[in-house]
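Peer 1: What follows is input-v4.csv; its format and atoms are CSV, C-alpha atoms.
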```
chain,number,residue,atom,x,y,z
A,187,ARG,CA,0.0,0.0,0.0
A,188,CYS,CA,1.2,3.5,-0.9
A,189,THR,CA,0.6,6.4,1.5
A,190,VAL,CA,-0.1,9.7,-0.2
A,191,GLN,CA,-0.4,13.1,1.5
A,192,ILE,CA,-2.8,15.5,-0.1
A,193,GLY,CA,-2.9,19.1,0.9
A,194,LEU,CA,-6.2,20.7,2.0
A,195,LYS,CA,-5.9,23.3,-0.7
A,196,GLU,CA,-6.3,20.5,-3.3
A,197,TYR,CA,-9.9,20.1,-2.2
A,198,THR,CA,-10.8,23.8,-2.5
A,199,LYS,CA,-9.7,24.3,-6.1
A,200,PRO,CA,-12.9,24.6,-8.1
A,201,GLY,CA,-13.4,22.4,-11.1
A,202,LYS,CA,-10.3,20.3,-10.4
A,203,LYS,CA,-10.9,16.6,-10.9
A,204,ILE,CA,-7.4,15.3,-10.2
A,205,LEU,CA,-5.9,15.8,-6.8
A,206,GLU,CA,-2.2,16.1,-6.4
A,207,GLY,CA,-0.1,14.8,-3.5
A,208,LYS,CA,3.2,13.4,-2.5
A,209,VAL,CA,4.3,9.9,-1.4
A,210,VAL,CA,5.2,9.8,2.3
A,211,SER,CA,6.2,7.2,4.8
A,212,PRO,CA,3.4,4.8,6.0
A,213,SER,CA,4.2,6.0,9.6
A,214,ALA,CA,3.5,9.7,8.7
A,215,PRO,CA,-0.2,9.7,9.7
A,216,ARG,CA,0.7,8.2,13.1
A,217,LEU,CA,3.6,10.5,13.8
A,218,HIS,CA,1.7,13.6,12.6
A,219,ASP,CA,-1.6,13.3,14.4
A,220,GLY,CA,-1.7,9.9,16.0
A,221,THR,CA,-4.0,8.3,13.3
A,222,TYR,CA,-3.8,4.5,13.2
A,223,TRP,CA,-2.6,3.5,9.7
A,224,GLY,CA,-2.4,-0.2,9.7
A,225,TYR,CA,0.4,-2.5,10.8
A,226,THR,CA,3.5,-4.2,9.4
A,227,ILE,CA,4.6,-7.8,9.8
A,228,ARG,CA,8.1,-8.9,10.8
A,229,MET,CA,9.0,-12.6,10.7
A,230,ALA,CA,11.0,-14.0,13.6
A,231,ASN,CA,12.4,-17.5,13.7
A,232,SER,CA,12.4,-17.7,17.5
A,233,ILE,CA,11.2,-15.8,20.5
A,234,GLN,CA,14.8,-14.6,21.1
A,235,ALA,CA,14.8,-13.1,17.6
A,236,ILE,CA,11.8,-11.0,18.4
A,237,PHE,CA,14.0,-8.9,20.7
A,238,ASN,CA,17.4,-9.3,18.9
A,239,GLU,CA,16.0,-8.3,15.5
A,240,ALA,CA,14.0,-5.3,16.7
A,241,PRO,CA,13.7,-2.6,14.0
A,242,TYR,CA,14.8,0.1,16.5
A,243,LYS,CA,18.3,1.3,17.2
A,244,ASN,CA,18.1,0.6,20.9
A,245,GLY,CA,15.6,-2.2,20.6
A,246,TYR,CA,12.5,-2.5,22.8
A,247,ASP,CA,13.0,-0.7,26.1
A,248,TYR,CA,9.8,-2.0,27.7
A,249,LYS,CA,9.0,-5.7,27.3
A,250,ILE,CA,5.6,-7.0,28.4
A,251,GLY,CA,4.8,-10.7,28.5
A,252,THR,CA,1.2,-11.9,28.9
A,253,SER,CA,0.4,-15.1,30.8
A,254,GLU,CA,-2.4,-16.5,32.9
A,255,ARG,CA,0.3,-17.1,35.4
A,256,GLY,CA,1.3,-13.4,35.4
A,257,THR,CA,2.8,-12.0,38.6
A,258,ILE,CA,0.4,-9.1,38.4
A,259,SER,CA,-3.1,-8.8,36.9
A,260,VAL,CA,-4.9,-5.8,35.3
A,261,ASP,CA,-7.9,-6.7,37.5
A,262,GLU,CA,-6.0,-5.8,40.7
A,263,ALA,CA,-7.1,-2.6,42.3
A,264,ASN,CA,-3.5,-1.3,42.5
A,265,PHE,CA,-2.4,-2.5,39.1
A,266,HIS,CA,-1.4,0.9,37.9
A,267,GLU,CA,1.0,1.3,40.9
A,268,LYS,CA,2.5,-2.1,40.4
A,269,ALA,CA,2.9,-1.5,36.7
A,270,MET,CA,4.6,1.9,37.3
A,271,GLN,CA,7.1,0.0,39.5
A,272,THR,CA,8.1,-2.1,36.5
A,273,LEU,CA,8.7,1.1,34.5
A,274,LYS,CA,10.9,2.6,37.2
A,275,GLY,CA,13.1,-0.5,37.1
A,276,LEU,CA,14.1,0.1,33.5
A,277,SER,CA,17.8,0.8,33.0
A,278,SER,CA,18.3,0.9,29.2
A,279,PRO,CA,20.1,3.9,27.8
A,280,SER,CA,17.2,4.8,25.4
A,281,THR,CA,14.7,4.9,28.3
A,282,ASN,CA,16.9,7.3,30.3
A,283,THR,CA,17.3,9.6,27.4
A,284,VAL,CA,13.6,9.7,26.5
A,285,THR,CA,12.7,10.3,30.1
A,286,LYS,CA,14.9,13.3,30.4
A,287,GLU,CA,14.3,14.9,27.0
A,288,LYS,CA,10.6,14.1,26.2
A,289,GLY,CA,9.1,13.1,29.5
A,290,ALA,CA,8.0,9.7,28.3
A,291,LEU,CA,8.7,6.7,30.5
A,292,PHE,CA,9.6,4.4,27.6
A,293,GLU,CA,10.1,4.8,23.8
A,294,HIS,CA,9.3,1.4,22.3
A,295,ALA,CA,7.2,-1.2,24.1
A,296,ILE,CA,6.4,-4.7,22.9
A,297,ILE,CA,3.6,-7.0,24.1
A,298,VAL,CA,4.2,-10.7,23.6
A,299,PHE,CA,1.4,-13.2,23.3
A,300,GLY,CA,1.9,-16.9,23.4
A,301,GLY,CA,0.1,-19.7,21.7
A,302,VAL,CA,-2.4,-22.1,23.2
A,303,ALA,CA,0.1,-23.3,25.8
A,304,GLY,CA,1.5,-19.8,26.4
A,305,ILE,CA,4.9,-18.1,26.1
A,306,GLU,CA,6.4,-20.8,28.3
A,307,GLU,CA,6.1,-23.4,25.6
A,308,CYS,CA,7.7,-21.1,23.1
A,309,VAL,CA,10.7,-20.6,25.4
A,310,ASP,CA,11.0,-24.3,25.9
A,311,ALA,CA,11.1,-24.8,22.1
A,312,ASP,CA,13.7,-22.1,21.5
A,313,GLU,CA,17.1,-23.7,21.4
A,314,SER,CA,18.9,-20.4,21.4
A,315,ILE,CA,17.7,-19.7,25.0
A,316,THR,CA,19.2,-21.5,27.9
A,317,LEU,CA,16.1,-20.9,30.0
A,318,ALA,CA,13.3,-23.1,31.2
A,319,GLY,CA,9.7,-22.2,30.2
A,320,ASN,CA,8.7,-21.7,33.8
A,321,ASP,CA,11.3,-18.9,34.0
A,322,SER,CA,9.9,-17.1,31.0
A,323,LYS,CA,9.0,-14.1,33.1
A,324,THR,CA,12.7,-13.1,33.4
A,325,LEU,CA,12.7,-12.1,29.8
A,326,PHE,CA,10.2,-9.3,30.4
A,327,ASP,CA,9.9,-6.2,32.4
A,328,MET,CA,6.2,-6.9,33.2
A,329,TRP,CA,4.7,-10.4,33.4
A,330,VAL,CA,1.0,-9.7,33.4
A,331,ASN,CA,-2.3,-11.5,33.3
A,332,VAL,CA,-4.7,-9.5,31.1
A,333,CYS,CA,-7.7,-11.7,31.6
A,334,GLN,CA,-7.7,-13.1,35.1
A,335,TYR,CA,-11.3,-14.4,35.0
A,336,GLN,CA,-11.2,-15.9,31.5
A,337,GLY,CA,-13.7,-18.7,32.3
A,338,SER,CA,-12.1,-21.1,29.8
A,339,ARG,CA,-9.0,-23.3,29.8
A,340,THR,CA,-7.4,-21.3,27.0
A,341,ILE,CA,-7.9,-18.1,25.0
A,342,ARG,CA,-7.2,-17.9,21.3
A,343,THR,CA,-4.3,-15.7,20.5
A,344,GLU,CA,-6.3,-13.4,18.2
A,345,GLU,CA,-8.7,-12.9,21.1
A,346,ALA,CA,-5.9,-12.3,23.6
A,347,VAL,CA,-4.5,-9.6,21.4
A,348,PHE,CA,-7.7,-7.5,21.4
A,349,ILE,CA,-8.2,-8.1,25.2
A,350,GLY,CA,-4.6,-7.3,26.0
A,351,LEU,CA,-4.4,-4.1,23.9
A,352,SER,CA,-7.7,-2.7,25.2
A,353,ARG,CA,-6.8,-3.4,28.8
A,354,LEU,CA,-3.2,-2.2,28.8
A,355,ARG,CA,-3.9,0.9,26.7
A,356,PRO,CA,-5.1,3.0,29.7
A,357,PHE,CA,-1.7,2.4,31.3
A,358,LEU,CA,0.6,2.4,28.3
A,359,PHE,CA,-0.7,5.5,26.5
A,360,PRO,CA,-0.3,7.9,29.4
A,361,ALA,CA,3.1,6.5,30.3
A,362,HIS,CA,4.4,6.9,26.8
A,363,ASN,CA,2.9,10.4,26.4
A,364,GLU,CA,3.3,11.8,29.9
A,365,ILE,CA,4.6,15.1,28.8
A,366,ILE,CA,1.6,15.7,26.5
A,367,SER,CA,-0.8,15.5,29.5
A,368,LYS,CA,1.4,18.0,31.4
A,369,GLY,CA,2.2,20.4,28.6
A,370,ASN,CA,0.2,23.2,27.0
A,371,CYS,CA,-0.7,21.0,24.0
A,372,GLY,CA,-2.6,18.6,26.3
A,373,LYS,CA,-4.3,21.5,28.1
A,374,ASN,CA,-5.4,23.0,24.8
A,375,ARG,CA,-6.8,19.7,23.6
A,376,ASN,CA,-8.8,19.2,26.7
A,377,VAL,CA,-10.2,22.7,26.5
A,378,GLY,CA,-11.2,22.1,22.9
A,379,LEU,CA,-13.0,18.9,23.8
A,380,GLN,CA,-14.8,20.6,26.7
A,381,GLN,CA,-16.0,23.4,24.4
A,382,GLN,CA,-17.3,20.9,21.8
A,383,GLN,CA,-19.2,19.0,24.5
A,384,VAL,CA,-20.8,22.2,25.8
A,385,ASN,CA,-21.7,23.6,22.4
A,386,VAL,CA,-23.2,20.5,20.9
A,387,HIS,CA,-26.8,19.8,21.8
A,388,PHE,CA,-29.3,17.1,20.7
A,389,SER,CA,-33.0,17.5,21.0
A,390,ASP,CA,-36.0,15.5,19.9
A,391,GLU,CA,-38.0,18.7,19.3
A,392,GLU,CA,-35.8,19.7,16.4
A,393,MET,CA,-36.5,18.3,12.9
A,394,SER,CA,-33.7,16.3,11.4
A,395,ASP,CA,-32.1,17.5,8.1
A,396,GLU,CA,-32.7,14.0,6.7
A,397,ASP,CA,-36.4,13.8,6.1
A,398,SER,CA,-37.7,10.5,4.9
A,399,ALA,CA,-40.8,12.0,3.4
A,400,GLU,CA,-38.7,14.4,1.4
A,401,ASP,CA,-36.5,11.6,0.2
A,402,SER,CA,-39.5,9.6,-1.0
A,403,SER,CA,-40.9,12.6,-2.9
A,404,LYS,CA,-37.6,13.1,-4.7
A,405,GLU,CA,-37.7,9.4,-5.8
A,406,ASP,CA,-41.2,9.8,-7.3
```
Is it possible to give me this structure as structure tokens?
Peer 2:
Amino acid sequence: RCTVQIGLKEYTKPGKKILEGKVVSPSAPRLHDGTYWGYTIRMANSIQAIFNEAPYKNGYDYKIGTSERGTISVDEANFHEKAMQTLKGLSSPSTNTVTKEKGALFEHAIIVFGGVAGIEECVDADESITLAGNDSKTLFDMWVNVCQYQGSRTIRTEEAVFIGLSRLRPFLFPAHNEIISKGNCGKNRNVGLQQQQVNVHFSDEEMSDEDSAEDSSKED
């Protein structure tokens, strides 16, 4: 897929049928305004290769492993406090730099999901790791259970991804963008949202612009 950036002026030119733009990086929408723009796939031959072949200069500075045997659970009342402790224990150079310069607590996080038998089985099968599956948690900064009351023996990986991302986002997003919530940019955004909420009103007494009777008369 090719990502093309089209300027707003292109839409305001009267009578123009062809819009002009420029090819940009697929990550441009996300970096510019935080818009989700799909995902990329990287093949790894082993669980160790997931970390060693990271596409970032300093690798992943915050590693999260998910397991039903996690040492902490998102369902705990003090989960946020415990999770913050795992962040404070980071010691990679990239994390220290980011914390000082940008205010974020980490730069690149990775969340690892195992198969039906969990990450532990993947570690046991990885011959490049001299580690027992039961000690898999030592590979991660956080070893977390994202669905404590799952009610079934196993959870499909595709289901675990949605569950894990939705439940960890309230913690990860503020931690990665801590400076935004403290700076003027975050304040202005909050004010704008409040103004929108105040100014927008819905009422059953007002007629909708979309009138079904009007539409039927046009069809006749």
Peer 1: Which value, in Å to one decimal, gives the distance between CA of Glu239 in chain A and CA of Ala318 in chain A?
Peer 2: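 Separation of CA of Glu239 in chain A and CA of Ala318 in chain A: 21.7 Å.
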Peer 1: Extract, using only C-alpha atoms, all DNA, RNA and protein residues at most 12 Å from range 344-353 of chain A, discarding same-chain residues fewer than 5 positions from it, and format them as a list in words.
Peer 2: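 Within the cut-off, the hits are Ile250, Gly251, Thr252, Ser253, Glu254, Ser259, Val260, Asp261, Phe265, His266, Ala295, Ile296, Ile297, Val298, Phe299, Gly300, Gly301, Val302, Gly304, Val330, Asn331, Val332, Cys333, Gln334, Gln336, Leu358 and Phe359 of chain A.
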Peer 1: Which is closer to Thr189 in chain A than all the others in A:Lys243, A:Arg355, A:Lys208, A:Lys202, using only C-alpha atoms?
Peer 2: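 Among A:Lys243, A:Arg355, A:Lys208, A:Lys202, it is A:Lys208 that comes nearest to Thr189 in chain A.
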Peer 1: May I have the protein, DNA and RNA residues with an atom at most 12 Å from (-0.2, 5.0, 9.6), counting only C-alpha atoms in the file's coordinates, returned as a PyMOL selection string?
Peer 2: chain A and resi 187-191+210-226
Peer 1: Could you write those residues out with C-alpha atoms, as a PDB file, in the coordinates of the input?
Peer 2:
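Wrote it out as out_19.pdb, contents follow:
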```
ATOM      1  CA  ARG A 187       0.000   0.000   0.000  1.00  0.00           C
ATOM      2  CA  CYS A 188       1.200   3.500  -0.900  1.00  0.00           C
ATOM      3  CA  THR A 189       0.600   6.400   1.500  1.00  0.00           C
ATOM      4  CA  VAL A 190      -0.100   9.700  -0.200  1.00  0.00           C
ATOM      5  CA  GLN A 191      -0.400  13.100   1.500  1.00  0.00           C
ATOM      6  CA  VAL A 210       5.200   9.800   2.300  1.00  0.00           C
ATOM      7  CA  SER A 211       6.200   7.200   4.800  1.00  0.00           C
ATOM      8  CA  PRO A 212       3.400   4.800   6.000  1.00  0.00           C
ATOM      9  CA  SER A 213       4.200   6.000   9.600  1.00  0.00           C
ATOM     10  CA  ALA A 214       3.500   9.700   8.700  1.00  0.00           C
ATOM     11  CA  PRO A 215      -0.200   9.700   9.700  1.00  0.00           C
ATOM     12  CA  ARG A 216       0.700   8.200  13.100  1.00  0.00           C
ATOM     13  CA  LEU A 217       3.600  10.500  13.800  1.00  0.00           C
ATOM     14  CA  HIS A 218       1.700  13.600  12.600  1.00  0.00           C
ATOM     15  CA  ASP A 219      -1.600  13.300  14.400  1.00  0.00           C
ATOM     16  CA  GLY A 220      -1.700   9.900  16.000  1.00  0.00           C
ATOM     17  CA  THR A 221      -4.000   8.300  13.300  1.00  0.00           C
ATOM     18  CA  TYR A 222      -3.800   4.500  13.200  1.00  0.00           C
ATOM     19  CA  TRP A 223      -2.600   3.500   9.700  1.00  0.00           C
ATOM     20  CA  GLY A 224      -2.400  -0.200   9.700  1.00  0.00           C
ATOM     21  CA  TYR A 225       0.400  -2.500  10.800  1.00  0.00           C
ATOM     22  CA  THR A 226       3.500  -4.200   9.400  1.00  0.00           C
TER      23      THR A 226
END
```
Peer 1: Report, in Å with one decimal, the straight-line distance from CA of Ile233 in chain A to CA of Val309 in chain A.
Peer 2: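 That distance, rounded to one decimal, is 6.9 Å.
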Peer 1: To one decimal place, how far is CA of Lys274 in chain A from CA of Thr316 in chain A in Å?
Peer 2: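 Interatomic distance, CA of Lys274 in chain A to CA of Thr316 in chain A: 27.1 Å.
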Peer 1: Point out the residue among A:Ala311, A:Leu354, A:Leu317, A:Leu205 with the least atom-to-atom distance to Asn231 in chain A, counting all atoms listed in the file.
Peer 2: A:Ala311
Peer 1: Anything within 9 Å of (8.4, -4.8, 29.1): list those residues as a list in words, counting all atoms listed in the file and sticking to the file's coordinates.
Peer 2: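 These residues have at least one counted atom within 9 Å: Tyr246, Asp247, Tyr248, Lys249, Ile250, Gly251, Thr272, Leu273, Leu276, Ala295, Ile296, Ile297, Leu325, Phe326, Asp327, Met328 and Trp329 of chain A.
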Peer 1: Given the selection you just returned, output its residues as a file containing C-alpha atoms, formatted as a short mmCIF file (atom, residue, chain, number, x, y, z; two decimals), in the frame of the given file.
Peer 2:
```cif
data_model
loop_
_atom_site.label_atom_id
_atom_site.label_comp_id
_atom_site.auth_asym_id
_atom_site.auth_seq_id
_atom_site.Cartn_x
_atom_site.Cartn_y
_atom_site.Cartn_z
CA TYR A 246 12.50 -2.50 22.80
CA ASP A 247 13.00 -0.70 26.10
CA TYR A 248 9.80 -2.00 27.70
CA LYS A 249 9.00 -5.70 27.30
CA ILE A 250 5.60 -7.00 28.40
CA GLY A 251 4.80 -10.70 28.50
CA THR A 272 8.10 -2.10 36.50
CA LEU A 273 8.70 1.10 34.50
CA LEU A 276 14.10 0.10 33.50
CA ALA A 295 7.20 -1.20 24.10
CA ILE A 296 6.40 -4.70 22.90
CA ILE A 297 3.60 -7.00 24.10
CA LEU A 325 12.70 -12.10 29.80
CA PHE A 326 10.20 -9.30 30.40
CA ASP A 327 9.90 -6.20 32.40
CA MET A 328 6.20 -6.90 33.20
CA TRP A 329 4.70 -10.40 33.40
#
```
Peer 1: Is it possible to produce a file of range 196-264 of chain A from this structure, with C-alpha atoms, as a short mmCIF file (atom, residue, chain, number, x, y, z; two decimals), in the first residue's frame?
Peer 2:
```
data_model
loop_
_atom_site.label_atom_id
_atom_site.label_comp_id
_atom_site.auth_asym_id
_atom_site.auth_seq_id
_atom_site.Cartn_x
_atom_site.Cartn_y
_atom_site.Cartn_z
CA GLU A 196 -6.31 20.55 -3.34
CA TYR A 197 -9.91 20.08 -2.17
CA THR A 198 -10.75 23.77 -2.46
CA LYS A 199 -9.68 24.30 -6.06
CA PRO A 200 -12.90 24.64 -8.13
CA GLY A 201 -13.36 22.36 -11.10
CA LYS A 202 -10.27 20.28 -10.36
CA LYS A 203 -10.92 16.60 -10.90
CA ILE A 204 -7.43 15.26 -10.21
CA LEU A 205 -5.91 15.78 -6.78
CA GLU A 206 -2.16 16.09 -6.44
CA GLY A 207 -0.14 14.79 -3.51
CA LYS A 208 3.21 13.37 -2.49
CA VAL A 209 4.26 9.92 -1.37
CA VAL A 210 5.17 9.80 2.33
CA SER A 211 6.21 7.15 4.82
CA PRO A 212 3.43 4.82 6.04
CA SER A 213 4.21 6.02 9.56
CA ALA A 214 3.52 9.68 8.68
CA PRO A 215 -0.19 9.68 9.73
CA ARG A 216 0.66 8.17 13.10
CA LEU A 217 3.58 10.51 13.76
CA HIS A 218 1.69 13.59 12.55
CA ASP A 219 -1.60 13.29 14.41
CA GLY A 220 -1.72 9.86 16.01
CA THR A 221 -3.95 8.31 13.32
CA TYR A 222 -3.84 4.50 13.16
CA TRP A 223 -2.60 3.52 9.72
CA GLY A 224 -2.44 -0.23 9.74
CA TYR A 225 0.38 -2.51 10.80
CA THR A 226 3.45 -4.22 9.38
CA ILE A 227 4.59 -7.82 9.79
CA ARG A 228 8.09 -8.94 10.76
CA MET A 229 8.95 -12.62 10.71
CA ALA A 230 11.01 -13.98 13.61
CA ASN A 231 12.37 -17.54 13.70
CA SER A 232 12.44 -17.71 17.49
CA ILE A 233 11.23 -15.82 20.52
CA GLN A 234 14.78 -14.57 21.09
CA ALA A 235 14.83 -13.14 17.55
CA ILE A 236 11.80 -11.02 18.43
CA PHE A 237 14.04 -8.93 20.68
CA ASN A 238 17.40 -9.28 18.92
CA GLU A 239 16.01 -8.28 15.52
CA ALA A 240 13.99 -5.28 16.71
CA PRO A 241 13.69 -2.57 14.02
CA TYR A 242 14.77 0.15 16.47
CA LYS A 243 18.33 1.26 17.19
CA ASN A 244 18.12 0.59 20.92
CA GLY A 245 15.60 -2.24 20.63
CA TYR A 246 12.54 -2.48 22.84
CA ASP A 247 13.03 -0.67 26.12
CA TYR A 248 9.83 -2.02 27.72
CA LYS A 249 8.96 -5.69 27.30
CA ILE A 250 5.60 -7.05 28.41
CA GLY A 251 4.82 -10.74 28.53
CA THR A 252 1.24 -11.95 28.89
CA SER A 253 0.39 -15.12 30.77
CA GLU A 254 -2.42 -16.54 32.86
CA ARG A 255 0.33 -17.12 35.41
CA GLY A 256 1.34 -13.45 35.42
CA THR A 257 2.83 -12.00 38.60
CA ILE A 258 0.40 -9.07 38.37
CA SER A 259 -3.09 -8.76 36.92
CA VAL A 260 -4.89 -5.85 35.28
CA ASP A 261 -7.86 -6.70 37.49
CA GLU A 262 -5.99 -5.80 40.66
CA ALA A 263 -7.10 -2.57 42.28
CA ASN A 264 -3.50 -1.35 42.52
#
```
